[in-house]
Structure formats: structure tokens, C-alpha cells
file coords.cif (mmCIF, C-alpha atoms)
data_start
loop_
_atom_site.label_atom_id
_atom_site.label_comp_id
_atom_site.auth_asym_id
_atom_site.auth_seq_id
_atom_site.Cartn_x
_atom_site.Cartn_y
_atom_site.Cartn_z
CA MET A 83 112.77 77.85 78.75
CA TYR A 84 113.52 80.68 76.33
CA LYS A 85 111.01 83.46 76.98
CA TYR A 86 110.16 85.23 73.76
CA ARG A 87 108.54 88.66 73.80
CA GLU A 88 106.46 89.49 70.72
CA ALA A 89 107.22 92.93 69.28
CA ASN A 90 104.84 95.44 67.70
CA THR A 91 101.73 94.54 69.68
CA TRP A 92 99.24 96.55 71.68
CA LEU A 93 101.30 95.79 74.78
CA ASP A 94 103.97 98.22 73.51
CA ASN A 95 101.57 101.06 74.33
CA ILE A 96 101.21 100.21 78.02
CA ASP A 97 102.75 102.82 80.30
CA LEU A 98 104.61 100.87 82.99
CA GLU A 99 104.21 103.82 85.36
CA ILE A 100 100.47 103.14 85.26
CA MET A 101 100.56 99.34 85.06
CA PRO A 102 104.02 98.14 86.18
CA TYR A 103 103.14 94.45 86.56
CA VAL A 104 103.03 93.59 82.84
CA ASP A 105 106.12 91.38 82.91
CA ASN A 106 108.35 89.48 85.30
CA VAL A 107 111.64 87.65 84.76
CA GLU A 108 110.06 84.45 86.09
CA TRP A 109 107.08 84.46 83.72
CA VAL A 110 106.93 82.49 80.48
CA ASN A 111 104.53 85.05 78.98
CA ARG A 112 103.57 88.59 79.86
CA TYR A 113 100.45 89.12 81.95
CA PRO A 114 98.21 90.56 79.17
CA THR A 115 97.40 88.39 76.16
CA LEU A 116 98.33 89.63 72.68
CA SER A 117 94.86 88.90 71.34
CA ALA A 118 91.54 90.20 72.63
CA LEU A 119 88.04 89.03 73.50
CA ILE A 120 85.20 90.66 71.60
CA MET A 121 82.06 91.02 73.72
CA SER A 122 78.76 92.07 72.20
CA GLU A 123 77.04 95.14 73.58
CA ALA A 124 74.07 92.94 74.54
CA LYS A 125 76.21 90.46 76.54
CA LYS A 126 78.01 93.30 78.30
CA GLN A 127 74.71 94.94 79.22
CA GLU A 128 73.44 91.60 80.50
CA LEU A 129 76.50 91.23 82.75
CA GLN A 130 76.13 94.80 83.98
CA ASP A 131 72.44 94.34 84.79
CA ILE A 132 73.13 91.11 86.66
CA SER A 133 75.98 92.75 88.60
CA SER A 134 74.08 95.83 89.72
CA GLY A 135 71.09 93.68 90.69
CA LEU A 136 73.20 91.31 92.75
CA VAL A 137 75.03 94.11 94.56
CA ALA A 138 71.70 95.72 95.45
CA ALA A 139 70.23 92.43 96.70
CA LEU A 140 73.28 91.31 98.66
CA SER A 141 73.78 94.79 100.14
CA ARG A 142 70.17 94.69 101.37
CA LEU A 143 70.97 91.39 103.08
CA VAL A 144 74.09 92.89 104.69
CA GLU A 145 72.07 95.78 106.10
CA MET A 146 69.43 93.39 107.40
CA LEU A 147 72.13 91.38 109.17
CA ARG A 148 73.52 94.54 110.73
CA SER A 149 70.09 95.68 111.91
CA LYS A 150 69.44 92.32 113.64
CA SER A 151 65.78 92.75 112.70
CA ALA A 152 65.53 89.33 111.05
CA LYS A 153 66.43 85.92 112.47
CA MET A 154 69.01 84.22 110.28
CA PRO A 155 70.06 80.54 110.20
CA PHE A 156 73.67 81.34 111.10
CA ASP A 157 75.80 84.27 112.25
CA LEU A 158 78.29 85.62 109.74
CA PHE A 159 79.72 88.03 112.25
CA ASN A 160 81.16 85.33 114.49
CA MET A 161 83.57 84.61 111.62
CA THR A 162 85.20 88.00 112.20
CA ASP A 163 84.39 88.60 115.86
CA LYS A 164 87.11 91.23 116.24
CA LEU A 165 85.40 93.27 113.50
CA THR A 166 81.82 92.75 114.70
CA PRO A 167 81.39 95.93 116.79
CA PHE A 168 82.88 98.05 114.02
CA ILE A 169 80.63 96.45 111.39
CA GLU A 170 77.54 97.02 113.51
CA GLU A 171 78.35 100.70 114.11
CA ASP A 172 79.29 101.55 110.52
CA ASN A 173 76.73 104.03 109.15
CA SER A 174 78.35 104.62 105.76
CA GLN A 175 76.12 105.54 102.84
CA CYS A 176 76.85 102.33 100.92
CA VAL A 177 77.86 98.84 101.96
CA SER A 178 80.64 99.09 99.37
CA TYR A 179 81.39 102.05 97.11
CA ILE A 180 83.65 100.21 94.66
CA THR A 181 82.81 96.52 94.17
CA ARG A 182 84.01 93.91 91.69
CA LEU A 183 81.95 90.78 91.06
CA ASP A 184 83.56 87.65 89.57
CA PHE A 185 81.56 85.26 87.39
CA VAL A 186 82.00 81.99 85.54
CA LYS A 187 79.88 81.54 82.42
CA ASP A 188 78.47 78.00 82.43
CA LEU A 189 78.10 75.73 79.41
CA GLN A 190 74.61 77.13 78.78
CA GLY A 191 76.02 80.67 78.62
CA VAL A 192 74.64 81.75 82.03
CA TYR A 193 76.81 83.98 84.24
CA LYS A 194 77.23 82.46 87.72
CA LEU A 195 78.51 84.62 90.56
CA VAL A 196 81.37 82.91 92.40
CA GLU A 197 82.95 85.76 94.41
CA VAL A 198 82.41 89.38 95.45
CA ASN A 199 85.39 91.69 95.95
CA ALA A 200 83.87 94.45 98.08
CA ASP A 201 86.63 95.40 100.52
CA THR A 202 89.74 96.10 98.41
CA PRO A 203 88.98 95.29 94.74
CA CYS A 204 91.87 95.62 92.30
CA ALA A 205 92.39 95.44 88.50
CA MET A 206 91.42 99.05 87.85
CA PRO A 207 94.41 99.85 85.60
CA GLU A 208 93.55 96.79 83.50
CA THR A 209 89.84 97.57 83.37
CA PHE A 210 89.86 101.31 82.75
CA TYR A 211 93.28 101.96 81.20
CA ALA A 212 94.70 98.92 79.41
CA ASN A 213 91.34 97.96 77.89
CA LYS A 214 91.15 101.47 76.37
CA LEU A 215 94.62 101.05 74.85
CA ALA A 216 93.61 97.71 73.36
CA GLU A 217 90.39 99.24 72.06
CA ALA A 218 92.28 101.97 70.16
CA TYR A 219 94.91 99.53 68.85
CA PHE A 220 92.55 96.83 67.55
CA ALA A 221 90.05 99.34 66.14
CA LYS A 222 92.82 100.86 64.04
CA MET A 223 94.62 97.62 63.07
CA HIS A 224 91.48 95.70 62.11
CA ASN A 225 89.11 98.53 61.20
CA LEU A 226 86.68 97.57 63.97
CA ASP A 227 83.63 99.63 64.89
CA LEU A 228 83.71 99.41 68.68
CA VAL A 229 81.70 100.91 71.51
CA ALA A 230 83.92 103.27 73.50
CA ARG A 231 84.66 102.01 77.00
CA SER A 232 84.90 104.18 80.08
CA SER A 233 88.35 105.34 81.17
CA GLY A 234 87.29 105.32 84.82
CA GLU A 235 85.88 108.76 85.64
CA GLU A 236 83.14 107.03 87.64
CA LEU A 237 85.76 105.97 90.20
CA ALA A 238 85.50 109.53 91.53
CA GLU A 239 81.77 109.22 92.27
CA PRO A 240 82.14 107.79 95.81
CA PHE A 241 84.45 110.65 96.74
CA LEU A 242 82.17 113.29 95.25
CA ALA A 243 79.24 111.78 97.19
CA LEU A 244 81.22 111.91 100.44
CA LEU A 245 82.29 115.50 99.77
CA ARG A 246 78.60 116.45 99.49
CA GLN A 247 78.00 115.42 103.11
CA GLU A 248 76.76 118.15 105.40
CA LYS A 249 79.84 117.94 107.61
CA TYR A 250 82.01 119.17 104.75
CA CYS A 251 79.68 121.91 103.45
CA ASN A 252 81.27 124.79 105.37
CA ARG A 253 84.82 123.50 105.28
CA LYS A 254 87.52 125.50 103.52
CA GLN A 255 89.61 122.39 102.87
CA VAL A 256 89.04 118.63 102.78
CA ARG A 257 91.91 116.15 102.55
CA ILE A 258 91.73 112.78 100.82
CA ALA A 259 94.52 110.22 101.27
CA PHE A 260 94.98 107.23 98.97
CA ALA A 261 96.95 104.57 100.86
CA ALA A 262 98.45 101.22 99.87
CA ASP A 263 101.63 99.24 100.39
CA ALA A 264 104.21 101.02 98.21
CA ALA A 265 106.34 97.87 98.14
CA TYR A 266 103.59 95.86 96.41
CA ASP A 267 103.40 96.91 92.76
CA GLU A 268 99.82 95.85 92.09
CA ASP A 269 98.23 97.50 95.13
CA TRP A 270 100.29 100.66 94.71
CA ALA A 271 99.41 100.92 91.01
CA ASN A 272 95.70 100.51 91.78
CA ALA A 273 95.75 103.14 94.54
CA LYS A 274 97.73 105.47 92.29
CA PHE A 275 95.25 104.95 89.45
CA VAL A 276 92.26 105.86 91.65
CA PHE A 277 94.22 108.83 93.06
CA ASN A 278 94.93 110.18 89.57
CA LYS A 279 91.36 109.63 88.37
CA VAL A 280 89.85 111.40 91.37
CA ARG A 281 92.22 114.35 90.95
CA GLU A 282 91.44 114.51 87.24
CA VAL A 283 87.68 114.64 87.90
CA LEU A 284 87.98 117.10 90.79
CA ARG A 285 89.87 119.56 88.60
CA LYS A 286 86.77 119.78 86.39
CA GLN A 287 84.40 120.30 89.33
CA ASN A 288 83.39 123.62 90.81
CA MET A 289 83.92 122.53 94.40
CA PRO A 290 82.91 124.87 97.26
CA MET A 291 86.07 123.92 99.15
CA VAL A 292 89.71 123.09 98.37
CA VAL A 293 90.13 119.32 98.05
CA SER A 294 93.69 118.12 98.60
CA CYS A 295 94.58 114.62 97.39
CA ARG A 296 97.69 112.73 98.53
CA LEU A 297 99.02 109.31 97.57
CA VAL A 298 100.79 107.77 100.58
CA SER A 299 102.29 104.48 101.62
CA LEU A 300 100.43 102.70 104.42
CA ASP A 301 103.39 103.03 106.74
CA LYS A 302 103.16 106.84 106.49
CA LEU A 303 99.70 106.95 108.07
CA ILE A 304 99.80 108.36 111.61
CA VAL A 305 96.93 107.10 113.75
CA GLN A 306 96.17 109.21 116.82
CA ASP A 307 93.32 109.37 119.32
CA ASN A 308 91.54 112.17 117.43
CA GLY A 309 92.18 111.19 113.83
CA VAL A 310 94.46 109.82 111.14
CA TYR A 311 97.23 112.05 109.81
CA ILE A 312 99.82 112.14 107.03
CA PRO A 313 103.15 113.97 107.15
CA ASN A 314 103.41 117.37 105.47
CA ASP A 315 107.10 117.62 104.61
CA VAL A 316 106.77 121.15 103.19
CA PHE A 317 105.49 122.75 106.39
CA LYS A 318 107.04 120.17 108.74
CA LYS A 319 103.73 119.23 110.29
CA GLU A 320 100.99 116.59 110.10
CA ASP A 321 97.78 117.00 108.09
CA LYS A 322 94.56 115.39 109.25
CA VAL A 323 92.89 113.09 106.70
CA ASP A 324 89.13 113.42 106.13
CA ILE A 325 88.60 110.65 103.55
CA LEU A 326 90.82 107.58 103.37
CA TYR A 327 90.93 105.27 100.36
CA ARG A 328 92.63 102.20 101.83
CA LEU A 329 93.84 99.36 99.68
CA HIS A 330 94.56 97.20 102.71
CA PRO A 331 92.23 94.29 103.59
CA LEU A 332 90.24 94.62 106.80
CA GLU A 333 91.08 91.06 107.86
CA LEU A 334 94.72 92.25 107.96
CA LEU A 335 94.01 95.76 109.24
CA MET A 336 92.21 94.41 112.33
CA ASP A 337 95.48 92.79 113.51
CA ASP A 338 97.82 95.68 112.64
CA GLU A 339 99.82 97.01 115.58
CA SER A 340 102.56 99.59 115.98
CA ASP A 341 106.04 98.61 117.16
CA ASP A 342 105.03 99.34 120.73
CA GLY A 343 101.91 97.13 120.51
CA PHE A 344 99.30 99.86 119.95
CA PRO A 345 96.36 98.41 117.91
CA VAL A 346 96.49 100.96 115.08
CA GLY A 347 94.10 98.95 112.88
CA LEU A 348 91.32 98.77 115.45
CA LYS A 349 91.87 102.43 116.35
CA LEU A 350 91.58 103.42 112.70
CA MET A 351 88.24 101.61 112.44
CA GLU A 352 87.08 103.26 115.65
CA LEU A 353 87.92 106.68 114.15
CA ALA A 354 85.90 105.79 111.05
CA ASN A 355 82.84 104.94 113.15
CA TRP A 356 83.28 108.14 115.17
CA GLY A 357 83.09 110.12 111.91
CA GLU A 358 86.69 111.34 112.22
CA VAL A 359 87.57 109.79 108.85
CA ASP A 360 85.49 108.36 105.99
CA PHE A 361 86.63 105.01 104.59
CA VAL A 362 86.53 103.93 100.95
CA ASN A 363 85.54 101.13 101.13
CA PRO A 364 83.55 101.14 104.41
CA ILE A 365 84.11 98.66 107.23
CA LYS A 366 80.84 96.85 106.54
CA SER A 367 82.05 96.01 103.03
CA ILE A 368 83.86 93.06 104.63
CA VAL A 369 80.46 91.37 105.13
CA LEU A 370 79.75 91.63 101.39
CA GLN A 371 83.26 90.26 100.73
CA ASN A 372 82.72 87.32 103.09
CA LYS A 373 82.05 84.28 100.88
CA ALA A 374 79.78 82.88 103.60
CA LEU A 375 77.31 85.61 102.63
CA LEU A 376 76.80 83.71 99.36
CA ALA A 377 75.99 80.57 101.38
CA LEU A 378 73.45 82.51 103.42
CA ALA A 379 71.98 84.06 100.27
CA TRP A 380 71.61 80.61 98.70
CA TYR A 381 70.02 79.15 101.85
CA LEU A 382 67.45 81.94 101.93
CA TYR A 383 66.74 81.39 98.23
CA GLN A 384 66.23 77.65 98.70
CA HIS A 385 63.83 78.20 101.60
CA HIS A 386 61.98 81.15 100.01
CA LEU A 387 62.98 83.48 102.81
CA PHE A 388 63.86 87.19 102.78
CA TRP A 389 64.15 87.71 99.01
CA ASN A 390 61.41 89.34 96.96
CA ALA A 391 60.20 87.68 93.76
CA GLU A 392 62.58 89.61 91.49
CA GLU A 393 65.59 88.86 93.70
CA GLU A 394 64.69 85.17 93.87
CA ILE A 395 64.74 84.92 90.08
CA LEU A 396 68.07 86.76 89.89
CA LEU A 397 69.78 84.72 92.61
CA GLY A 398 68.34 81.40 91.47
CA LYS A 399 69.76 81.91 87.99
CA HIS A 400 73.04 83.69 88.66
CA LEU A 401 74.35 82.58 92.07
CA ALA A 402 76.55 79.48 92.14
CA PRO A 403 75.03 77.13 94.78
CA THR A 404 77.09 77.71 97.93
CA TYR A 405 76.98 76.06 101.37
CA LEU A 406 78.68 76.08 104.77
CA ASP A 407 79.17 72.32 104.66
CA SER A 408 79.72 69.84 101.84
CA ASN A 409 76.77 67.52 102.52
CA ALA A 410 74.51 69.03 99.85
CA LEU A 411 77.28 68.63 97.24
CA ARG A 412 78.11 64.99 97.96
CA GLY A 413 78.54 63.06 94.72
CA GLN A 414 79.14 66.27 92.76
CA ARG A 415 82.23 68.19 91.79
CA TYR A 416 82.66 71.18 94.07
CA ILE A 417 85.13 73.81 95.25
CA LYS A 418 86.23 74.32 98.84
CA LYS A 419 87.14 77.95 99.57
CA PRO A 420 88.25 79.95 102.62
CA ILE A 421 85.82 82.80 103.30
CA PHE A 422 88.56 85.42 102.95
CA GLY A 423 90.94 83.66 100.58
CA ARG A 424 92.42 85.84 97.83
CA GLU A 425 94.00 85.05 94.44
CA GLY A 426 93.17 81.35 94.69
CA ALA A 427 94.80 80.80 98.10
CA GLY A 428 93.48 77.84 100.10
CA ILE A 429 91.16 76.56 97.36
CA ALA A 430 90.61 72.87 96.58
CA ILE A 431 88.61 71.09 93.88
CA VAL A 432 86.84 68.00 95.24
CA GLU A 433 85.71 65.28 92.82
CA PRO A 434 82.44 63.27 93.09
CA ASN A 435 84.39 60.47 94.85
CA GLY A 436 85.27 62.91 97.64
CA LEU A 437 88.96 63.18 96.78
CA ALA A 438 90.69 66.47 95.96
CA SER A 439 92.01 66.72 92.40
CA TYR A 440 93.53 70.13 93.04
CA GLU A 441 94.75 71.89 96.18
CA ALA A 442 96.29 75.35 96.18
CA GLU A 443 99.86 75.52 97.44
CA ASP A 444 99.18 78.63 99.52
CA ASP A 445 96.97 77.88 102.48
CA CYS A 446 94.65 80.37 104.16
CA GLU A 447 95.17 79.70 107.84
CA ASP A 448 92.46 80.06 110.49
CA CYS A 449 89.72 80.65 107.90
CA ASP A 450 86.21 79.26 107.91
CA LEU A 451 85.28 77.50 104.68
CA ILE A 452 82.46 77.53 102.16
CA TYR A 453 81.60 74.82 99.63
CA GLN A 454 80.52 75.89 96.16
CA GLN A 455 79.24 73.88 93.25
CA PHE A 456 81.88 73.63 90.52
CA ILE A 457 80.65 75.55 87.47
CA ALA A 458 81.84 73.89 84.27
CA SER A 459 82.70 76.38 81.53
CA ALA A 460 83.89 76.33 77.94
CA ASP A 461 87.54 75.87 77.01
CA VAL A 462 88.94 79.05 75.46
CA GLU A 463 92.22 80.22 73.98
CA GLN A 464 94.14 83.43 73.42
CA GLU A 465 97.51 84.31 71.93
CA ALA A 466 100.44 85.07 74.24
CA ASP A 467 104.12 85.79 73.63
CA ASN A 468 105.13 82.14 73.31
CA GLY A 469 102.08 80.82 71.50
CA THR A 470 98.50 79.90 72.29
CA VAL A 471 97.34 79.65 75.90
CA ASN A 472 94.27 77.56 76.72
CA GLY A 473 92.05 77.72 79.77
CA LYS A 474 88.88 79.15 81.27
CA TYR A 475 87.53 82.69 81.47
CA THR A 476 86.54 84.55 84.61
CA TYR A 477 84.31 87.53 83.82
CA SER A 478 84.28 90.48 86.22
CA CYS A 479 82.19 93.62 86.43
CA PHE A 480 82.74 96.69 88.61
CA VAL A 481 79.80 98.27 90.41
CA ILE A 482 80.46 101.81 91.64
CA ASN A 483 78.01 103.52 93.99
CA GLY A 484 75.44 100.91 93.00
CA LYS A 485 75.81 101.49 89.25
CA ALA A 486 77.37 98.86 86.99
CA SER A 487 80.58 99.99 85.34
CA GLU A 488 83.18 98.26 83.17
CA THR A 489 84.17 94.63 82.63
CA PHE A 490 87.44 92.80 83.19
CA VAL A 491 88.30 89.31 81.91
CA ARG A 492 91.00 86.84 82.91
CA LEU A 493 92.05 83.53 81.37
CA GLU A 494 93.25 80.88 83.80
CA PRO A 495 95.33 78.03 82.30
CA GLY A 496 93.95 75.73 85.02
CA GLU A 497 90.50 75.58 86.58
CA ILE A 498 90.97 77.99 89.51
CA THR A 499 91.66 81.63 88.74
CA GLY A 500 94.71 82.73 90.69
CA ILE A 501 98.02 84.52 90.31
CA ASP A 502 98.81 82.64 87.07
CA ALA A 503 95.79 84.04 85.23
CA TYR A 504 96.23 86.19 82.12
CA PHE A 505 94.52 89.52 81.63
CA VAL A 506 92.49 89.41 78.40
CA PRO A 507 91.62 92.81 76.90
CA VAL A 508 87.91 93.20 76.16
CA LEU A 509 86.59 94.94 73.06
CA ASP A 510 82.94 96.03 73.09
CA GLU A 511 81.30 95.32 69.76
CA LYS A 512 78.31 97.31 68.50
#

call {"tool": "encode", "arguments": {"input": "coords.cif", "output": "C-alpha cells"}}
result
Amino acid sequence: MYKYREANTWLDNIDLEIMPYVDNVEWVNRYPTLSALIMSEAKKQELQDISSGLVAALSRLVEMLRSKSAKMPFDLFNMTDKLTPFIEEDNSQCVSYITRLDFVKDLQGVYKLVEVNADTPCAMPETFYANKLAEAYFAKMHNLDLVARSSGEELAEPFLALLRQEKYCNRKQVRIAFAADAAYDEDWANAKFVFNKVREVLRKQNMPMVVSCRLVSLDKLIVQDNGVYIPNDVFKKEDKVDILYRLHPLELLMDDESDDGFPVGLKLMELANWGEVDFVNPIKSIVLQNKALLALAWYLYQHHLFWNAEEEILLGKHLAPTYLDSNALRGQRYIKKPIFGREGAGIAIVEPNGLASYEAEDDCEDCDLIYQQFIASADVEQEADNGTVNGKYTYSCFVINGKASETFVRLEPGEITGIDAYFVPVLDEK
């Protein structure tokens, strides 16, 4: 098929050094749509309020699970038994510093939470950079009066909070490393974006110590018995890292080994729990990321356990019914998901007759499963390079240090949001 690329659009303004994954020779259309979604200030505020409330409630549940002070109907930790001791010993300030929640808006206009990305959330260049470009472009082209979106300064808040810890108060220098796989464009671009935002904010701060920030590939991290280091090519030595932003999933990190068989991933987590390095996001964020947590949250809601009255209302309205087996969803349309599946991997849609109408090509091996009620949503459309694309929206909201931040929207041509989804710029209307 001939792949046309529309000229003179807002996409022309995207800096490919910041967001390099705009186009690919194999794609029919570019990743961002040419047209935009206008969201009212009231609907955005509603999504933000829901998101911050859900993160607070679910984080409280995570901490209760870690404390073992309440008897629960099933054990989430046995799903990641290799991580269990590290989760239990993690005393980080937050369960997750940077979290992204994904919602489907049902046919009644109610946002339903379907996933939480609490370990290694991405889409920060889209959310905080590309949306700002679209905002400026459409405001000028169509004379729109829009509410200015954030450009992402709040991404520095977790790092500023960590720097205020007592252990750094009398230090002359603190080092922050931002690590991702340099060979994977999306992860590297996200790590680079956070790196640049944190540096930008730190330059404006009157810090009592020198804060050095370095962007490094994961394979450059040197894990030793007393800490994690990065090479200093100028002085031909190794610098110890104090704070590590890692865009590398814990379910992969726990199995990482060096060429000689040394368990570098487990050692890195041990160093974090010893206080030798601070993680962003913390180890315990994997519990919030675990989709089985949503099944536990729903079980507790159904049986009027654990949640206070306000949380019960919030969860009852905005959590998609989720279970650890499919019995409760028999005769309904539902989705089968692996607890740590990413980008649509391993997902299946099961029809009321019990047969799968959709199964993802990429499987998620050795994963426990959850079963989630299928949330029907409105058909939508946006303009792309080669014409109109139709599908369903997924609405996302970032929560940073417990405070709701910006929104991110994707359009999936099918019914499961995955790697084929389009990024739809969001304009905030007054």
C-alpha cells in the first residue's frame, strides 16, 4: 500500500530527538493522529480526581499487604515469589512516584480503570511535550481559547523529595542516573525526557549540594557489593549512583544476570533496600502494577471489607470488575489478561458463549491471569495520514507523588489497546 504523509500539519513541529518513534517504514500512518481530541476542563478534572483517589486507595492496600496486618483472601506475593523479600523490605516514601492509570469510558460516560502502570510507565514525551505542540498549533490555526497544559516540570518532584532526605543533607554531591535500554527508542526517549526535565528544574533550584545527572544505557550500570556505579570517562573512574531512575521492568530485572552468572538484578534490589541507592520507581511499585491487585480490590469491595465509605463509592463506580477466575463472568463478554502483560501481549477477548473472538499474537509466558469485565465504549474517529481511522479511546492520567498530573489518549483500531494504537493529542478547553 502507498503510504502517504500529510504535509503542513502539527506533526511537522515534533522534534525527533525528543520523540523519535513518530514514524516507521512498516506503518500505514504515523503514530500521532493529525486531528485532536478536545476535552473539557470539567472532564479532565474529573479524570484527575478519580486517578489521584484510586492511586491513594490502591497504595493503601499495597501497604496493608506488605504489613501483613490484615488477612486477605489470596496472596499476591506468591505471583512474584522471587521479588517477595524485596517488596516486603522496601521502605520507600511512596508505593510509586510516577504512575499512569489507563481507563475506558463506558457508554454511560463513566471512566473505568482497567490497568495501572506503576513500575515503568511510559508516554511522557507524548503527554508533556507533543500535547503542548498540538496545543500551540491548534490554538493558532483555529483561534481556540485553550487551558495551558503542563510541560512536565512535576516529573522532577519525586527526585526533589528524595534529595530532601536526611541522608543527603550534609552531602557535597548527589548523583542521579537515568537508565534505559539505549537500543529501544521508546524507553530511551522516555528516560531522556525525564532526565532533561529533572535537570531543567534542578537548575532553577537553590540546592544545598551539587546534583549531577547522567543519562546511561542499562548495560553501563556497574553493580557491586557496596553500590551501583556508572563509568566516568573523563576521570577514568567509576561514580557511585545515589538515585536511580530505571526504565526496566522489575519482572525482567529480577532475572537479569551478568555473563558469569552473577544475579545483578537481585543484587541491585538488595542495594535499594539497604539504602545504598534510591529507586524511581520503588520495588514495591510492582504490587500496584500487578493486575491481580485490581481483582483483590474488587473482591474487597464486593464483600465490604477494608475500604472506607468514600473508597467504596470510588471503586464501585470506577473499577472494572476484575477476578482471578472466570466463573463470575460466565455468560458475559470479558477480557483475559496476564498479570504483567504489556502493550496488549497475552490478552484474549472471550464472548458470552465462552469462545475467544480475539487472541493476541504475542503470548506472555508463565504469567498468572486475571479476568476483567469487557467495558463497551463508544466508536470514535480521528484523521490520520491516509484518511480516517476508527476505533476506541483509552484515556490515561499520570499521578506524580500522589498528585494527578496530565492526560494521554490513544485510539485503538481494534478493541484491545496495543502497539497498533494511535496517539491522539488532547486539547484542554476552557

call {"tool": "atom_distance", "arguments": {"input": "coords.cif", "atom1": "CA of Leu303 (chain A)", "atom2": "CA of Glu236 (chain A)"}}
result
26.3 Å

call {"tool": "closest_residue", "arguments": {"input": "coords.cif", "among": "A:Leu245, A:Val196, A:Met146, A:Leu297", "to": "Phe456 (chain A)", "atoms": "all atoms listed in the file"}}
result
A:Val196

call {"tool": "closest_residue", "arguments": {"input": "coords.cif", "among": "A:Gln127, A:Asn90, A:Ser487, A:Thr499", "to": "Thr209 (chain A)", "atoms": "only C-alpha atoms"}}
result
A:Ser487

call {"tool": "resolve_selection", "arguments": {"input": "coords.cif", "expression": "the PyMOL selection byres ((chain A and resi 442) around 6)", "output": "list in words"}}
result
Ala427, Gly428, Ile429, Glu441, Glu443 and Asp444 of chain A

call {"tool": "atom_distance", "arguments": {"input": "coords.cif", "atom1": "CA of Asn225 (chain A)", "atom2": "CA of Val471 (chain A)"}}
result
25.3 Å

call {"tool": "resolve_selection", "arguments": {"input": "coords.cif", "expression": "the PyMOL selection byres ((chain A and resi 396) around 12)", "output": "PyMOL selection string"}}
result
chain A and resi 128-129+131-140+192-195+379-380+383+389-395+397-402

call {"tool": "resolve_selection", "arguments": {"input": "coords.cif", "expression": "the PyMOL selection byres ((chain A and resi 215) around 12)", "output": "MDAnalysis selection string"}}
result
chainID A and resid 91:97 101 114 118 207:214 216:222 230:233 507:509

call {"tool": "residues_near_point", "arguments": {"input": "coords.cif", "point": "(99.7, 114.8, 103.4)", "cutoff": "7 Å", "atoms": "only C-alpha atoms", "output": "PDB file with C-alpha atoms, keeping the file's coordinate frame"}}
result
ATOM      1  CA  ARG A 296      97.690 112.730  98.530  1.00  0.00           C
ATOM      2  CA  ILE A 312      99.820 112.140 107.030  1.00  0.00           C
ATOM      3  CA  PRO A 313     103.150 113.970 107.150  1.00  0.00           C
ATOM      4  CA  ASN A 314     103.410 117.370 105.470  1.00  0.00           C
ATOM      5  CA  ASP A 321      97.780 117.000 108.090  1.00  0.00           C
TER       6      ASP A 321
END

call {"tool": "atom_distance", "arguments": {"input": "coords.cif", "atom1": "CA of Asp301 (chain A)", "atom2": "CA of Asp263 (chain A)"}}
result
7.6 Å

call {"tool": "residues_around", "arguments": {"input": "coords.cif", "residues": "Tyr311 (chain A)", "least_positions_apart": "4", "cutoff": "8 Å", "atoms": "all atoms listed in the file", "output": "PyMOL selection string"}}
result
chain A and resi 303-306+320-323

call {"tool": "closest_residue", "arguments": {"input": "coords.cif", "among": "A:Val144, A:Lys279, A:Ser294, A:Gly357", "to": "Leu158 (chain A)", "atoms": "only C-alpha atoms"}}
result
A:Val144
